[in-house]
Amino acid sequence: MKVNVGDTVRFMNDVGEGKVTKVLKNDTALVLNSDGFEYPVLMDELVVIKDIKINYSDKKEIQKPAELPRPPVVEPVYTGKADVNIYLAYLPKNQNLLADSDLDVYLINDSDYFVSYNFLKQTETGKYKSLTGTLEPNFKEKIQTLLHDTINQDVDVTLQIIFFDKKEHKLREPLSTHNKIKDVKFYKESSFCDNDFFKQKALIIPMYEEHAMTEAVKKLTPDEILNAIQENSKSAELNKPKQAVKVEKNKIREVDLHITELLETEVGMTDKEKLDYQMDAFRAEMKAAIKEKHSRIVFIHGVGNGTLKLEIRRELQRLYPHFPFQDASFREYGYGATMVILSKS
């Protein structure tokens with residue numbers, strides 16, 4: 001059924017009714033609901049209601065915020081992340097039976113490099129079976145499932161890694177590392193711990209760790225360490241005022257959508273007005289990122305009750321279906337950010 005501006009419609013996949021205020025591209029319409037909230041809905045999810053009137057005249061007019069000021073973008077010089085860490089993770093499918101569950105095996109790339117990997121597992125014949133692939137910076141990937149019933153001996157794992165980037169970067173030698181995991185680890189609940197990479201408990205096996213800061217500190221003299229501490233304290237005092245984060249890093253734009261970062265004060269605002277303001281900021285930054293040809297944009301929305309994250313992803317699906325999105329780096333943002341991929345370059 002064709003939907004026109006001014007039509008009264010009912011939502012097929014939600015409760016309530018509304019009025020069509022604008023027809024958008026991609027078979028999407030803007031619908032004003034009875035709470036005065038306007039949002040995009042696919043036309044296939046709407047049913048036009050005949051002879052039913054909804055009075056919007058009594059609804060309180062919500063003043064839309066003025067166009068958000070855009071602070072200057074910080075452009076740090078890219079040298080490659082100093083810390084380079086590669087982990088294997090064994091994630092129990094059944095968190096209630098940690099030591100008696102099948103295990104999903106993940107490879108974790110905790111670095112700013114792309115990695116091409118060759119995951120080698122020795123077979124019963126003494127030869128090796130390879131699992132290969134490429135991991136983006138600061139991401140994890142499930143590479144296999146380990147059946148609990150098959151764990152009857154130590155697990156030998158060999159991992160070969162080539163580091164690279166699509167832009168100018170420091171040269172790193174290929175990595176080949178081996179680890180023998182004692183089978184007893186898989187039968188102890190204490191082996192599975194809270195971690196930075198999953199919401200669930202997991203067995204994390206370091207395959208390679210390089211903490212450049214630790215190595216650098218070892219080389220400092222006591223006087224140099226004292227001077228560094230004093231300089232850091234001065235810098236912290238000078239940078240006390242908070243400012244919304246909008247950083248360009250390898251054409252990756254970061255936008256902090258926490259209301260405290262967008263406004264000096266939120267006193268007197270309802271939850272809906274705060275959400276409207278945050279969504280206006282999201283739309284403005286999406287348009288700016290596309291116009292300025294950023295490759296990616298990260299929206300920091302926090303965890304909270306999930307409302308802002310849901311609204312952002314709903315709008316991305318309906319208005320930007322050609323831009324894939326995913327959780328941003330768990331190492332940098334935890335579980336409170338969404339990355340939109342605007343370009344593969």
# chains A, B, ... in the order shown; residues from 1 in each chain; ligands from 1
>>> residues_around(residues="stretch 153-168 of chain A", least_positions_apart="2", cutoff="6 Å", atoms="only C-alpha atoms", output="VMD selection string")
chain A and resid 113 to 121 151 174 to 183
>>> residues_around(residues="A:Asp104", least_positions_apart="6", cutoff="6 Å", atoms="only C-alpha atoms", output="list in words")
Tyr90, Leu91 and Thr145 of chain A
>>> select_by_dssp(residues="stretch 114-322 of chain A", states="strand (DSSP E or B)", output="ChimeraX atom specification")
/A:114-122,128-135,139-146,155-164,175-181,193,202-210,246-249,252-256,296-300
>>> write_last_selection(atoms="C-alpha atoms", output="PDB file, in the first residue's frame")
ATOM      1  CA  PHE A 114      46.104  -5.797  10.359  1.00  0.00           C
ATOM      2  CA  VAL A 115      47.288  -9.394  10.766  1.00  0.00           C
ATOM      3  CA  SER A 116      47.288 -12.311   8.356  1.00  0.00           C
ATOM      4  CA  TYR A 117      47.324 -15.485  10.423  1.00  0.00           C
ATOM      5  CA  ASN A 118      48.004 -19.180   9.966  1.00  0.00           C
ATOM      6  CA  PHE A 119      46.614 -21.145  12.913  1.00  0.00           C
ATOM      7  CA  LEU A 120      48.199 -24.610  12.963  1.00  0.00           C
ATOM      8  CA  LYS A 121      46.924 -27.555  14.951  1.00  0.00           C
ATOM      9  CA  GLN A 122      48.714 -30.901  14.998  1.00  0.00           C
ATOM     10  CA  TYR A 128      49.371 -30.037  10.764  1.00  0.00           C
ATOM     11  CA  LYS A 129      46.027 -28.615   9.731  1.00  0.00           C
ATOM     12  CA  SER A 130      45.862 -24.894   8.919  1.00  0.00           C
ATOM     13  CA  LEU A 131      43.178 -22.295   9.545  1.00  0.00           C
ATOM     14  CA  THR A 132      44.005 -19.018   7.802  1.00  0.00           C
ATOM     15  CA  GLY A 133      42.512 -15.560   7.629  1.00  0.00           C
ATOM     16  CA  THR A 134      42.965 -11.810   8.178  1.00  0.00           C
ATOM     17  CA  LEU A 135      42.016  -9.829  11.264  1.00  0.00           C
ATOM     18  CA  PHE A 139      39.200  -7.231  16.648  1.00  0.00           C
ATOM     19  CA  LYS A 140      38.537 -10.854  17.450  1.00  0.00           C
ATOM     20  CA  GLU A 141      37.362 -13.730  15.269  1.00  0.00           C
ATOM     21  CA  LYS A 142      35.972 -17.179  16.023  1.00  0.00           C
ATOM     22  CA  ILE A 143      38.192 -19.703  14.230  1.00  0.00           C
ATOM     23  CA  GLN A 144      36.856 -23.067  15.457  1.00  0.00           C
ATOM     24  CA  THR A 145      34.874 -24.931  18.105  1.00  0.00           C
ATOM     25  CA  LEU A 146      36.649 -27.365  20.423  1.00  0.00           C
ATOM     26  CA  VAL A 155      46.608 -28.928  23.182  1.00  0.00           C
ATOM     27  CA  ASP A 156      49.537 -27.934  20.943  1.00  0.00           C
ATOM     28  CA  VAL A 157      49.003 -24.711  19.031  1.00  0.00           C
ATOM     29  CA  THR A 158      51.312 -22.946  16.566  1.00  0.00           C
ATOM     30  CA  LEU A 159      50.478 -19.470  15.266  1.00  0.00           C
ATOM     31  CA  GLN A 160      52.167 -17.639  12.401  1.00  0.00           C
ATOM     32  CA  ILE A 161      51.460 -13.925  11.950  1.00  0.00           C
ATOM     33  CA  ILE A 162      52.282 -11.267   9.322  1.00  0.00           C
ATOM     34  CA  PHE A 163      51.658  -7.663  10.431  1.00  0.00           C
ATOM     35  CA  PHE A 164      50.666  -5.023   7.885  1.00  0.00           C
ATOM     36  CA  LEU A 175      55.857 -13.822  14.032  1.00  0.00           C
ATOM     37  CA  SER A 176      55.829 -17.567  14.668  1.00  0.00           C
ATOM     38  CA  THR A 177      54.911 -18.726  18.162  1.00  0.00           C
ATOM     39  CA  HIS A 178      54.037 -22.028  19.787  1.00  0.00           C
ATOM     40  CA  ASN A 179      52.075 -22.793  22.941  1.00  0.00           C
ATOM     41  CA  LYS A 180      51.237 -26.057  24.667  1.00  0.00           C
ATOM     42  CA  ILE A 181      48.091 -25.737  26.767  1.00  0.00           C
ATOM     43  CA  CYS A 193      38.028 -15.617  34.255  1.00  0.00           C
ATOM     44  CA  ALA A 202      36.906 -17.212  29.160  1.00  0.00           C
ATOM     45  CA  LEU A 203      40.299 -18.909  29.202  1.00  0.00           C
ATOM     46  CA  ILE A 204      42.733 -16.366  27.712  1.00  0.00           C
ATOM     47  CA  ILE A 205      46.068 -17.675  26.380  1.00  0.00           C
ATOM     48  CA  PRO A 206      48.749 -15.069  25.470  1.00  0.00           C
ATOM     49  CA  MET A 207      50.406 -16.069  22.189  1.00  0.00           C
ATOM     50  CA  TYR A 208      52.471 -12.877  21.958  1.00  0.00           C
ATOM     51  CA  GLU A 209      52.658  -9.803  24.195  1.00  0.00           C
ATOM     52  CA  GLU A 210      54.708  -6.676  23.653  1.00  0.00           C
ATOM     53  CA  LYS A 246      35.988  14.102  18.032  1.00  0.00           C
ATOM     54  CA  VAL A 247      39.330  12.707  16.880  1.00  0.00           C
ATOM     55  CA  GLU A 248      40.624  11.863  13.442  1.00  0.00           C
ATOM     56  CA  LYS A 249      42.979   8.896  13.556  1.00  0.00           C
ATOM     57  CA  ILE A 252      38.666   7.241  11.830  1.00  0.00           C
ATOM     58  CA  ARG A 253      36.467   9.862  13.460  1.00  0.00           C
ATOM     59  CA  GLU A 254      35.437   9.449  17.108  1.00  0.00           C
ATOM     60  CA  VAL A 255      32.324  11.157  18.476  1.00  0.00           C
ATOM     61  CA  ASP A 256      31.367  11.012  22.163  1.00  0.00           C
ATOM     62  CA  ARG A 296      35.103   5.091   9.560  1.00  0.00           C
ATOM     63  CA  ILE A 297      33.291   6.834  12.374  1.00  0.00           C
ATOM     64  CA  VAL A 298      32.988   5.605  15.961  1.00  0.00           C
ATOM     65  CA  PHE A 299      30.010   6.722  18.058  1.00  0.00           C
ATOM     66  CA  ILE A 300      30.661   6.408  21.796  1.00  0.00           C
TER      67      ILE A 300
END
>>> atom_distance(atom1="atom CA of A:Ile290", atom2="atom CA of A:His322")
12.3 Å
>>> residues_around(residues="A:Phe192", least_positions_apart="5", cutoff="12 Å", atoms="only C-alpha atoms", output="JSON, numbers by chain")
{"A": [89, 90, 91, 92, 94, 95, 96, 97, 98, 99, 100, 101, 103, 185, 186, 187, 198, 200, 201, 202, 203, 204, 205]}
>>> write_last_selection(atoms="C-alpha atoms", output="PDB file, in the first residue's frame")
ATOM      1  CA  ALA A  89      40.536 -17.286  23.858  1.00  0.00           C
ATOM      2  CA  TYR A  90      38.472 -20.339  24.764  1.00  0.00           C
ATOM      3  CA  LEU A  91      34.892 -19.257  25.420  1.00  0.00           C
ATOM      4  CA  PRO A  92      32.555 -21.885  26.988  1.00  0.00           C
ATOM      5  CA  ASN A  94      27.605 -23.035  28.462  1.00  0.00           C
ATOM      6  CA  GLN A  95      28.622 -20.490  31.099  1.00  0.00           C
ATOM      7  CA  ASN A  96      26.878 -22.522  33.795  1.00  0.00           C
ATOM      8  CA  LEU A  97      29.212 -25.466  33.144  1.00  0.00           C
ATOM      9  CA  LEU A  98      32.526 -23.755  32.511  1.00  0.00           C
ATOM     10  CA  ALA A  99      34.670 -26.853  32.955  1.00  0.00           C
ATOM     11  CA  ASP A 100      32.295 -29.200  31.163  1.00  0.00           C
ATOM     12  CA  SER A 101      31.321 -27.332  27.996  1.00  0.00           C
ATOM     13  CA  LEU A 103      34.538 -24.205  23.661  1.00  0.00           C
ATOM     14  CA  LYS A 185      43.282 -26.070  32.388  1.00  0.00           C
ATOM     15  CA  PHE A 186      40.125 -26.991  30.486  1.00  0.00           C
ATOM     16  CA  TYR A 187      38.780 -28.932  33.471  1.00  0.00           C
ATOM     17  CA  PHE A 198      34.108 -10.855  26.336  1.00  0.00           C
ATOM     18  CA  GLN A 200      31.442 -13.934  29.645  1.00  0.00           C
ATOM     19  CA  LYS A 201      34.236 -15.746  31.417  1.00  0.00           C
ATOM     20  CA  ALA A 202      36.906 -17.212  29.160  1.00  0.00           C
ATOM     21  CA  LEU A 203      40.299 -18.909  29.202  1.00  0.00           C
ATOM     22  CA  ILE A 204      42.733 -16.366  27.712  1.00  0.00           C
ATOM     23  CA  ILE A 205      46.068 -17.675  26.380  1.00  0.00           C
TER      24      ILE A 205
END
>>> atom_distance(atom1="atom CA of A:Leu46", atom2="atom CA of A:Val9")
6.0 Å
>>> residues_around(residues="A:Asn138", least_positions_apart="3", cutoff="6 Å", atoms="only C-alpha atoms", output="list in words")
Asn109, Asp110, Ser111 and Ser329 of chain A
>>> residues_around(residues="A:Val303", least_positions_apart="3", cutoff="9 Å", atoms="only C-alpha atoms", output="list in words")
Gly306, Thr307, Leu308, Lys309, Gly334, Tyr335, Gly336 and Ala337 of chain A
>>> write_last_selection(atoms="N, CA and C atoms", output="CSV table (one decimal), in the first residue's frame")
chain,number,residue,atom,x,y,z
A,306,GLY,N,20.8,1.0,27.0
A,306,GLY,CA,20.8,0.6,25.6
A,306,GLY,C,19.9,1.4,24.6
A,307,THR,N,19.2,2.4,25.1
A,307,THR,CA,18.3,3.1,24.3
A,307,THR,C,19.0,3.9,23.2
A,308,LEU,N,20.0,4.6,23.5
A,308,LEU,CA,20.7,5.4,22.5
A,308,LEU,C,21.4,4.4,21.4
A,309,LYS,N,22.0,3.4,21.9
A,309,LYS,CA,22.6,2.4,21.0
A,309,LYS,C,21.6,1.8,20.0
A,334,GLY,N,35.4,-0.8,25.3
A,334,GLY,CA,34.6,-1.7,26.0
A,334,GLY,C,33.4,-2.1,25.2
A,335,TYR,N,32.2,-2.1,25.7
A,335,TYR,CA,31.0,-2.5,25.0
A,335,TYR,C,30.1,-1.3,24.7
A,336,GLY,N,30.7,-0.1,24.8
A,336,GLY,CA,29.8,1.1,24.7
A,336,GLY,C,30.1,2.0,23.4
A,337,ALA,N,30.4,1.3,22.3
A,337,ALA,CA,30.6,2.2,21.1
A,337,ALA,C,30.3,1.3,19.8
>>> atom_distance(atom1="atom CA of A:Ala328", atom2="atom CA of A:Val105")
20.4 Å
>>> closest_atom_pairs(of="stretch 241-340 of chain A", to="stretch 21-31 of chain A", cutoff="9 Å", atoms="only C-alpha atoms", output="JSON lines")
{"residue": "A:Arg318", "atom": "CA", "partner": "A:Thr28", "partner_atom": "CA", "distance": 7.1}
{"residue": "A:Leu319", "atom": "CA", "partner": "A:Asn26", "partner_atom": "CA", "distance": 7.3}
{"residue": "A:Pro321", "atom": "CA", "partner": "A:Asn26", "partner_atom": "CA", "distance": 8.8}
>>> closest_residue(among="A:Asn33, A:Thr123, A:Asn4, A:Ser343", to="A:Ala289", atoms="only C-alpha atoms")
A:Ser343
>>> residues_around(residues="A:Gly18", least_positions_apart="6", cutoff="12 Å", atoms="only C-alpha atoms", output="ChimeraX atom specification")
/A:5-12,29-41,46-49,52-56
